[in-house]
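Enquirer: One file: protein.txt (compact mmCIF, C-alpha atoms and all ligand atoms).
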# COMPACT_ATOMS: atom_id res chain seq x y z
CA MET A 1 0.00 0.00 0.00
CA GLY A 2 1.36 3.43 -0.93
CA THR A 3 1.29 6.33 1.53
CA VAL A 4 -0.91 9.36 0.91
CA ALA A 5 1.26 12.43 0.45
CA ALA A 6 0.14 15.33 2.66
CA ARG A 7 -0.89 18.27 0.49
CA VAL A 8 -0.49 21.88 1.50
CA PRO A 9 -2.17 24.76 -0.32
CA ASP A 10 0.04 27.09 -2.29
CA GLN A 11 0.50 30.74 -1.33
CA ASP A 12 -2.01 31.98 -3.91
CA VAL A 13 -4.75 29.91 -2.28
CA ILE A 14 -3.81 31.22 1.17
CA ARG A 15 -3.76 34.80 -0.08
CA ALA A 16 -7.13 34.37 -1.81
CA ALA A 17 -8.67 32.94 1.38
CA ILE A 18 -7.25 35.76 3.50
CA GLY A 19 -8.61 38.19 0.90
CA MET A 20 -12.06 36.79 1.69
CA ALA A 21 -11.41 36.78 5.47
CA VAL A 22 -10.68 40.50 5.53
CA ARG A 23 -14.10 41.23 4.01
CA ALA A 24 -15.54 40.33 7.44
CA PRO A 25 -17.43 43.05 9.32
CA SER A 26 -15.52 44.65 12.19
CA ILE A 27 -16.25 47.33 14.77
CA HIS A 28 -15.82 50.72 12.99
CA ASN A 29 -14.14 48.74 10.18
CA SER A 30 -11.05 48.66 12.42
CA GLN A 31 -9.95 45.24 11.03
CA PRO A 32 -8.16 44.21 14.25
CA TRP A 33 -6.60 41.03 12.86
CA ARG A 34 -3.47 39.48 11.40
CA PHE A 35 -2.83 36.10 9.79
CA ARG A 36 0.37 34.15 10.39
CA VAL A 37 0.94 31.44 7.82
CA GLY A 38 2.95 28.21 8.21
CA ALA A 39 3.09 25.01 6.14
CA GLY A 40 -0.52 23.82 5.99
CA THR A 41 -1.64 26.12 8.85
CA VAL A 42 -2.97 29.64 9.29
CA HIS A 43 -3.01 31.33 12.70
CA LEU A 44 -5.52 34.11 13.32
CA LEU A 45 -3.99 36.75 15.60
CA ALA A 46 -5.64 39.69 17.37
CA ASP A 47 -4.11 43.09 16.67
CA HIS A 48 -4.66 44.93 19.95
CA THR A 49 -3.11 48.12 18.56
CA ARG A 50 -6.42 48.45 16.66
CA ARG A 51 -8.68 48.04 19.70
CA LEU A 52 -11.05 50.99 20.22
CA GLY A 53 -10.25 51.94 23.81
CA ALA A 54 -13.30 54.15 24.48
CA THR A 55 -15.93 52.24 22.47
CA ASP A 56 -14.71 48.76 23.34
CA PRO A 57 -12.70 49.01 26.60
CA ASP A 58 -12.80 45.28 27.39
CA GLY A 59 -12.04 44.15 23.83
CA LYS A 60 -15.28 42.17 23.32
CA ASP A 61 -16.00 43.80 19.96
CA LEU A 62 -12.42 43.11 18.88
CA LEU A 63 -12.92 39.40 19.59
CA ILE A 64 -16.31 39.33 17.86
CA SER A 65 -14.75 41.03 14.81
CA CYS A 66 -11.92 38.47 14.76
CA GLY A 67 -14.46 35.63 15.12
CA ALA A 68 -16.24 36.97 12.04
CA ALA A 69 -12.91 36.99 10.17
CA LEU A 70 -12.30 33.39 11.27
CA HIS A 71 -15.64 32.30 9.81
CA HIS A 72 -14.99 34.27 6.60
CA LEU A 73 -11.55 32.60 6.37
CA ARG A 74 -13.00 29.11 6.77
CA THR A 75 -15.74 29.92 4.26
CA GLY A 76 -13.16 31.12 1.73
CA LEU A 77 -10.99 28.05 2.26
CA ALA A 78 -13.95 25.69 1.87
CA ALA A 79 -14.83 27.30 -1.47
CA LEU A 80 -11.20 26.91 -2.57
CA GLY A 81 -11.26 23.19 -1.71
CA TRP A 82 -9.74 23.17 1.79
CA LEU A 83 -11.26 21.95 5.03
CA ALA A 84 -10.17 24.18 7.94
CA VAL A 85 -9.79 22.11 11.11
CA THR A 86 -9.85 24.79 13.79
CA ASP A 87 -8.39 24.98 17.29
CA ARG A 88 -9.69 28.09 19.10
CA LEU A 89 -7.48 29.90 21.67
CA PRO A 90 -4.95 27.05 21.37
CA ASP A 91 -2.21 28.43 23.65
CA PRO A 92 -2.91 30.13 27.03
CA ASP A 93 0.62 31.61 26.94
CA ARG A 94 -0.17 33.35 23.64
CA PRO A 95 -3.60 34.96 24.17
CA SER A 96 -3.36 36.95 20.92
CA ARG A 97 -3.34 33.68 19.00
CA LEU A 98 -7.11 33.35 18.62
CA ALA A 99 -7.23 30.30 16.38
CA THR A 100 -5.03 27.84 14.56
CA VAL A 101 -6.47 26.47 11.36
CA GLU A 102 -5.04 23.29 9.86
CA LEU A 103 -5.83 22.71 6.20
CA TRP A 104 -6.91 19.45 4.62
CA PRO A 105 -7.89 19.04 0.97
CA ARG A 106 -11.60 18.57 0.41
CA ARG A 107 -13.79 19.04 -2.66
CA ALA A 108 -15.86 22.25 -2.53
CA GLY A 109 -19.63 21.73 -2.75
CA GLY A 110 -22.34 24.03 -4.11
CA ALA A 111 -23.19 25.29 -0.60
CA ASP A 112 -19.53 26.28 -0.01
CA LEU A 113 -19.47 28.27 -3.23
CA ALA A 114 -22.78 29.96 -2.47
CA LEU A 115 -21.60 31.03 1.00
CA ALA A 116 -18.34 32.42 -0.39
CA ASP A 117 -20.33 34.30 -3.01
CA ALA A 118 -22.33 35.93 -0.20
CA ILE A 119 -19.05 37.36 1.17
CA THR A 120 -18.70 39.48 -1.97
CA ARG A 121 -22.30 40.75 -1.73
CA ARG A 122 -22.70 41.40 2.01
CA HIS A 123 -22.34 44.84 3.50
CA SER A 124 -23.77 46.67 6.51
CA ASP A 125 -26.97 48.25 5.27
CA ARG A 126 -28.02 51.04 7.65
CA ARG A 127 -30.97 52.27 5.59
CA ALA A 128 -34.62 51.84 6.56
CA TYR A 129 -35.74 48.42 5.41
CA GLN A 130 -39.06 47.64 3.68
CA PRO A 131 -42.03 47.38 6.06
CA LEU A 132 -42.35 43.63 5.44
CA SER A 133 -41.78 41.25 8.30
CA VAL A 134 -39.10 38.60 8.07
CA ASP A 135 -40.84 35.23 8.01
CA ASP A 136 -40.60 32.94 11.05
CA LEU A 137 -39.14 30.25 8.81
CA VAL A 138 -36.27 32.58 7.93
CA VAL A 139 -35.68 33.41 11.59
CA ARG A 140 -35.65 29.68 12.35
CA GLU A 141 -33.08 29.09 9.60
CA LEU A 142 -30.82 31.86 10.98
CA THR A 143 -31.25 30.43 14.49
CA ARG A 144 -30.19 27.00 13.24
CA THR A 145 -27.16 28.58 11.52
CA ALA A 146 -25.94 30.20 14.75
CA SER A 147 -26.59 27.12 16.87
CA ALA A 148 -23.77 25.30 15.02
CA PHE A 149 -21.44 27.68 16.94
CA GLY A 150 -23.12 27.19 20.31
CA VAL A 151 -24.79 30.60 19.98
CA ALA A 152 -28.50 31.23 20.56
CA VAL A 153 -30.57 33.66 18.45
CA ARG A 154 -33.74 35.28 19.81
CA PRO A 155 -35.84 37.74 17.81
CA MET A 156 -37.02 40.78 19.76
CA ASN A 157 -40.73 41.22 20.11
CA ALA A 158 -42.40 44.63 19.67
CA ASP A 159 -42.07 45.46 23.38
CA ALA A 160 -38.37 44.69 23.45
CA HIS A 161 -37.91 46.75 20.25
CA HIS A 162 -39.38 49.75 22.03
CA HIS A 163 -37.39 49.19 25.19
CA LEU A 164 -34.28 48.99 23.07
CA ALA A 165 -35.24 52.01 20.99
CA SER A 166 -35.52 54.31 23.98
CA ALA A 167 -32.46 52.74 25.58
CA ILE A 168 -30.44 53.48 22.44
CA ILE A 169 -31.46 57.12 22.53
CA GLU A 170 -30.23 57.29 26.14
CA ALA A 171 -27.07 55.33 25.31
CA ASP A 172 -26.22 57.64 22.48
CA ALA A 173 -26.61 60.74 24.66
CA HIS A 174 -24.59 59.09 27.44
CA GLN A 175 -21.78 58.03 25.09
CA ARG A 176 -21.63 61.40 23.37
CA ALA A 177 -21.02 63.05 26.75
CA ASP A 178 -17.71 61.14 26.92
CA PRO A 179 -15.03 63.10 25.00
CA SER A 180 -12.88 60.03 24.34
CA TYR A 181 -15.86 58.20 22.76
CA VAL A 182 -16.66 61.23 20.60
CA TYR A 183 -13.01 61.53 19.57
CA GLU A 184 -12.88 57.83 18.62
CA LEU A 185 -16.13 58.07 16.66
CA ALA A 186 -14.82 61.11 14.78
CA ARG A 187 -11.48 59.44 14.14
CA TRP A 188 -12.88 56.17 12.78
CA THR A 189 -16.12 57.15 11.05
CA GLY A 190 -17.30 59.53 8.33
CA ARG A 191 -13.90 59.12 6.69
CA ARG A 192 -12.61 59.75 3.20
CA THR A 193 -13.81 56.98 0.89
CA ASP A 194 -10.30 56.18 -0.41
CA LEU A 195 -8.94 55.07 3.00
CA ASP A 196 -8.40 51.35 3.69
CA ASP A 197 -10.05 51.27 7.12
CA GLY A 198 -12.69 53.08 9.17
CA VAL A 199 -16.29 53.73 8.12
CA PRO A 200 -16.55 55.90 4.99
CA SER A 201 -18.76 58.99 4.96
CA THR A 202 -20.92 57.31 2.29
CA ALA A 203 -21.97 54.75 4.93
CA THR A 204 -22.26 57.08 7.92
CA GLN A 205 -24.59 59.47 6.12
CA LEU A 206 -27.11 56.66 6.23
CA GLY A 207 -27.46 56.61 10.01
CA PHE A 208 -24.30 55.18 11.52
CA ARG A 209 -24.75 53.86 15.06
CA GLN A 210 -27.76 56.04 15.88
CA PHE A 211 -31.15 54.97 14.71
CA ASP A 212 -33.47 57.65 13.39
CA THR A 213 -34.69 58.72 16.81
CA SER A 214 -37.69 60.72 15.56
CA ALA A 215 -39.04 57.55 13.90
CA LEU A 216 -38.46 55.65 17.12
CA ARG A 217 -40.36 58.16 19.22
CA ALA A 218 -43.27 58.35 16.77
CA ALA A 219 -43.87 54.60 16.36
CA PRO A 220 -46.89 53.10 18.14
CA ALA A 221 -45.88 51.01 21.12
CA THR A 222 -47.32 47.74 19.85
CA THR A 223 -45.60 47.50 16.46
CA PRO A 224 -41.95 46.99 15.62
CA VAL A 225 -40.24 50.26 14.78
CA ALA A 226 -40.78 51.16 11.12
CA GLY A 227 -37.83 50.46 8.86
CA MET A 228 -35.76 48.80 11.54
CA GLY A 229 -36.50 45.28 10.31
CA THR A 230 -36.27 42.35 12.70
CA LEU A 231 -33.74 42.60 15.51
CA LEU A 232 -32.02 39.35 16.44
CA VAL A 233 -30.12 39.09 19.71
CA LEU A 234 -27.23 36.61 19.77
CA GLY A 235 -26.51 35.16 23.22
CA THR A 236 -24.00 32.76 24.75
CA SER A 237 -24.07 30.90 28.05
CA ASP A 238 -20.48 31.92 28.90
CA ASP A 239 -19.08 35.43 28.65
CA ASP A 240 -15.39 34.80 28.10
CA PRO A 241 -13.04 35.25 25.10
CA LEU A 242 -14.03 31.88 23.63
CA ALA A 243 -17.73 32.81 23.81
CA GLN A 244 -17.00 36.16 22.12
CA LEU A 245 -14.96 34.51 19.37
CA ARG A 246 -17.78 32.00 18.79
CA ALA A 247 -20.32 34.84 18.78
CA GLY A 248 -18.28 36.50 16.03
CA GLU A 249 -18.28 33.31 13.97
CA ALA A 250 -22.03 32.99 14.43
CA THR A 251 -22.49 36.66 13.49
CA SER A 252 -20.64 36.06 10.23
CA ALA A 253 -22.60 32.86 9.54
CA VAL A 254 -25.95 34.60 10.17
CA LEU A 255 -25.01 37.63 8.03
CA LEU A 256 -23.88 35.46 5.12
CA ALA A 257 -26.96 33.23 5.36
CA ALA A 258 -29.17 36.34 5.42
CA THR A 259 -27.34 37.73 2.37
CA GLY A 260 -27.87 34.40 0.60
CA LEU A 261 -31.61 34.74 1.27
CA GLY A 262 -31.66 38.24 -0.24
CA LEU A 263 -31.98 40.04 3.11
CA ALA A 264 -30.25 43.27 4.09
CA SER A 265 -28.44 43.21 7.42
CA CYS A 266 -26.37 45.23 9.86
CA PRO A 267 -24.53 44.13 13.02
CA LEU A 268 -25.00 46.47 16.00
CA THR A 269 -23.21 46.49 19.31
CA GLN A 270 -23.76 50.10 20.31
CA PRO A 271 -26.71 49.08 22.53
CA LEU A 272 -24.51 46.50 24.27
CA GLU A 273 -21.79 49.00 25.14
CA VAL A 274 -24.00 50.35 27.94
CA PRO A 275 -24.23 47.92 30.89
CA ALA A 276 -27.88 48.81 31.68
CA ILE A 277 -28.99 47.96 28.13
CA ARG A 278 -27.00 44.75 28.12
CA ALA A 279 -28.77 43.80 31.38
CA MET A 280 -32.18 44.73 29.92
CA LEU A 281 -31.62 42.49 26.88
CA ARG A 282 -30.41 39.66 29.06
CA THR A 283 -33.58 39.81 31.13
CA SER A 284 -36.19 40.69 28.54
CA VAL A 285 -34.98 38.78 25.48
CA LEU A 286 -32.66 36.04 26.74
CA ASP A 287 -34.77 34.87 29.72
CA GLY A 288 -32.06 36.00 32.14
CA LEU A 289 -29.98 32.96 31.17
CA LEU A 290 -27.68 34.03 28.34
CA ASN A 291 -25.20 36.84 27.79
CA PRO A 292 -26.05 39.17 24.89
CA GLN A 293 -23.09 39.46 22.49
CA MET A 294 -24.53 41.01 19.36
CA VAL A 295 -27.69 42.49 17.87
CA ILE A 296 -28.27 41.94 14.15
CA ARG A 297 -30.80 43.92 12.13
CA VAL A 298 -32.23 41.92 9.23
CA GLY A 299 -34.93 42.92 6.77
CA TRP A 300 -35.90 43.27 3.16
CA PRO A 301 -33.74 45.93 1.48
CA PRO A 302 -35.30 49.04 -0.02
CA THR A 303 -35.98 48.55 -3.72
CA ARG A 304 -34.04 51.70 -4.68
CA PRO A 305 -30.68 50.91 -6.26
CA HIS A 306 -27.77 50.42 -3.93
CA PRO A 307 -26.58 53.92 -3.04
CA PHE A 308 -23.13 53.34 -1.59
CA PRO A 309 -20.00 51.39 -2.48
CA SER A 310 -18.63 48.69 -0.15
CA SER A 311 -16.31 49.93 2.56
CA ARG A 312 -12.65 49.28 1.82
CA ARG A 313 -10.17 46.92 3.44
CA ARG A 314 -6.43 47.01 4.09
CA PRO A 315 -4.44 45.05 1.49
CA VAL A 316 -3.80 41.38 2.31
CA ALA A 317 -0.03 42.04 2.40
CA ASP A 318 -0.57 44.36 5.41
CA VAL A 319 -2.19 41.64 7.54
CA LEU A 320 -0.19 38.61 6.39
CA GLU A 321 2.98 37.33 8.06
CA HIS A 322 4.87 34.07 8.03
CA ASP A 323 5.65 31.63 10.85
CA ASP A 324 9.38 32.23 10.45
CA ASP A 325 9.06 36.06 10.44
CA GLU A 326 10.78 37.91 13.25
CA GLY A 327 8.60 39.96 15.56
CA ALA A 328 6.32 39.71 18.53
CA GLU A 329 2.97 37.99 18.19
CA ASN A 330 1.16 39.83 20.97
CA LEU A 331 0.79 43.20 19.24
CA GLY A 332 -0.37 45.95 21.56
CA GLU A 333 -1.25 43.73 24.53
C1 LIG B 1 -18.56 43.77 16.65
C2 LIG B 1 -19.21 44.73 15.64
C3 LIG B 1 -19.98 45.79 16.10
C4 LIG B 1 -20.60 46.68 15.20
N1 LIG B 1 -21.41 47.69 15.70
C5 LIG B 1 -22.05 48.51 14.84
C6 LIG B 1 -22.97 49.49 15.34
O1 LIG B 1 -23.23 49.60 16.54
N2 LIG B 1 -23.59 50.29 14.43
C7 LIG B 1 -23.36 50.18 13.08
O2 LIG B 1 -23.95 50.93 12.31
N3 LIG B 1 -22.49 49.25 12.58
C8 LIG B 1 -21.85 48.40 13.42
N4 LIG B 1 -21.01 47.42 12.93
C9 LIG B 1 -20.78 47.29 11.48
C10 LIG B 1 -19.39 47.85 11.08
O3 LIG B 1 -19.37 49.26 11.16
C11 LIG B 1 -19.07 47.36 9.65
O4 LIG B 1 -18.95 45.97 9.67
C12 LIG B 1 -17.79 47.95 9.08
O5 LIG B 1 -17.89 49.34 8.96
C13 LIG B 1 -17.43 47.33 7.73
O6 LIG B 1 -18.47 47.57 6.79
P1 LIG B 1 -19.25 46.37 6.08
O7 LIG B 1 -19.91 45.54 7.16
O8 LIG B 1 -20.22 47.05 5.18
O9 LIG B 1 -18.25 45.52 5.32
C14 LIG B 1 -20.40 46.51 13.80
C15 LIG B 1 -19.63 45.42 13.34
C16 LIG B 1 -19.06 44.53 14.25
C17 LIG B 1 -18.27 43.33 13.75
Represent the structure from my file as structure tokens, please.
Expert:
Amino acid sequence: MGTVAARVPDQDVIRAAIGMAVRAPSIHNSQPWRFRVGAGTVHLLADHTRRLGATDPDGKDLLISCGAALHHLRTGLAALGWLAVTDRLPDPDRPSRLATVELWPRRAGGADLALADAITRRHSDRRAYQPLSVDDLVVRELTRTASAFGVAVRPMNADAHHHLASAIIEADAHQRADPSYVYELARWTGRRTDLDDGVPSTATQLGFRQFDTSALRAAPATTPVAGMGTLLVLGTSDDDPLAQLRAGEATSAVLLAATGLGLASCPLTQPLEVPAIRAMLRTSVLDGLLNPQMVIRVGWPPTRPHPFPSSRRRPVADVLEHDDDEGAENLGE
């Protein structure tokens, strides 16, 4: 019997997969990740120099963003014919090493290609969505998608929508009273459209972070807020780095599945940055049992043509390093 030669992907495949990974959503498009490549492995590393100190003091959003990049990476690899066997937080002595992915050849299926295609079409759509509800069957499908990552999804009912709506108005006022938050928001958002990171002005003009508060105040208390779509809360039983990484993977999986179904979507963590709102969601939407990690808006997109280009990303070369490169792994810790 002959032996089966181990195959490793060539550098073009790795670069193409990382090119898809960096399309992942991230807080303020900060892209707080790096990829360290060895023979047949890719390590996902956190880049703590890109953590948003005022918006995300405990680094939860950084981990969720990196989790989304991990899922995008695995999706890209699957479409390119590689199974990504993943070890999360593999080394307690190297906390910036968030995941090690080992690659095994595997034929790509139609579902892999469809999911990778959704990466190229997804973007955060902050516009008002059509006033059509998202069918329960769709919500069930998105719930099933997230459960593969150990993450629960609960849609908010009309009451919770309204609780959240007024809480967001308060949160926004509270956050804007903090000069370091305002500075960070100004530094990272409403930026020139030719920059490789941050949120471009073309996207912020459409209601970045804040909802349209006049619409929120005017809506009758028994109906979901017009244009907001369905709000899904993602919750985990633990609230540690592994849970946040998993929540990021589930966020990516839900967003890509929603894109595949033709839905518009936008991740939101602004409401969760205020402890009182986090506690309210835990009690009123997650039965007091789970920790809220993410809110995702989903809905049917407006029929008008797409008004803004995708936000940009840093080039792959800026986030790629090799196992034998010199240099510290724990950037900015
Ligand atoms: C952890 C996390 C939190 C986010 N929070 C918000 C938010 O509160 N409000 C918002 O409008 N967008 C939010 N976003 C979306 C990002 O701004 C968006 O992903 C980024 O600007 C890149 O744009 P894209 O998603 O269109 O590719 C969040 C994304 C992530 C991953």
Enquirer: Let me have all residues with an atom within 7 Å of ligand LIG 1 (chain B), counting all atoms listed in the file, laid out as a VMD selection string.
Expert: chain A and resid 23 to 29 61 to 62 64 to 65 68 122 to 126 198 to 199 208 to 209 266 to 271 310 to 311
Enquirer: Considering only C-alpha atoms, state which residue in the set A:Gly59, A:Ser252, A:Pro155, A:Gly67 is at the smallest distance from Asp135 (chain A).
Expert: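 Closest to Asp135 (chain A) of all the choices is A:Pro155.
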Enquirer: Any idea what the distance is between CA of Thr86 (chain A) and CA of Thr251 (chain A)?
Expert: 17.3 Å
Enquirer: Please provide the set of residues having any atom within 10 Å of Gly19 (chain A), restricted to all atoms listed in the file, with same-chain residues fewer than 5 positions apart removed, written as a ChimeraX atom specification.
Expert: /A:13-14,24,72-73,76,313-317,319
Enquirer: Rounded to one decimal, what separation in Å do you get between CA of Asn291 (chain A) and CA of Gly150 (chain A)?
Expert: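 According to the coordinates, CA of Asn291 (chain A) and CA of Gly150 (chain A) are separated by 12.4 Å.
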Enquirer: Please provide the set of residues having any atom within 6 Å of Ala99 (chain A), restricted to all atoms listed in the file, with same-chain residues fewer than 6 positions apart removed, written as a ChimeraX atom specification.
Expert: /A:43-44,87-89
Enquirer: Would you list the contacts of region 139-142 of chain A as an NGL selection string, taking every protein, DNA or RNA residue within 10 Å and counting only C-alpha atoms, but skipping same-chain residues closer than 5 positions in sequence?
Expert: :A and (134 or 147 or 152-155 or 230 or 232 or 250-251 or 253-258 or 298)
Enquirer: What is the distance, in Å and to one decimal place, between CA of Thr41 (chain A) and CA of Val8 (chain A)?
Expert: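 Answer for the CA of Thr41 (chain A) to CA of Val8 (chain A) separation: 8.6 Å.
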Enquirer: Give the answer as one residue: which of A:Ala158, A:Ala203, A:Met228, A:Ala167 has the shortest atom-to-atom distance to Val285 (chain A), using all atoms listed in the file?
Expert: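 Counting all atoms listed in the file, the residue closest to Val285 (chain A) is A:Ala158.
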Enquirer: Can you work out which one of A:Ala160, A:Val42, A:Asp93, A:Leu77 has the shortest atom-to-atom distance to Gly109 (chain A), counting all atoms listed in the file?
Expert: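 Checking each candidate against Gly109 (chain A), we get A:Leu77 as the closest.
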Enquirer: Between A:His48, A:Leu281, A:Pro241, A:Leu113, which residue has the minimum interatomic distance to Arg74 (chain A), considering all atoms listed in the file?
Expert: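 Nearest to Arg74 (chain A): A:Leu113.
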Enquirer: With distances taken over all atoms listed in the file, which of A:Ala17, A:Thr75, A:Trp33, A:Leu52 is nearest to Arg187 (chain A)?
Expert: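 That would be A:Leu52, the residue with the smallest distance to Arg187 (chain A).
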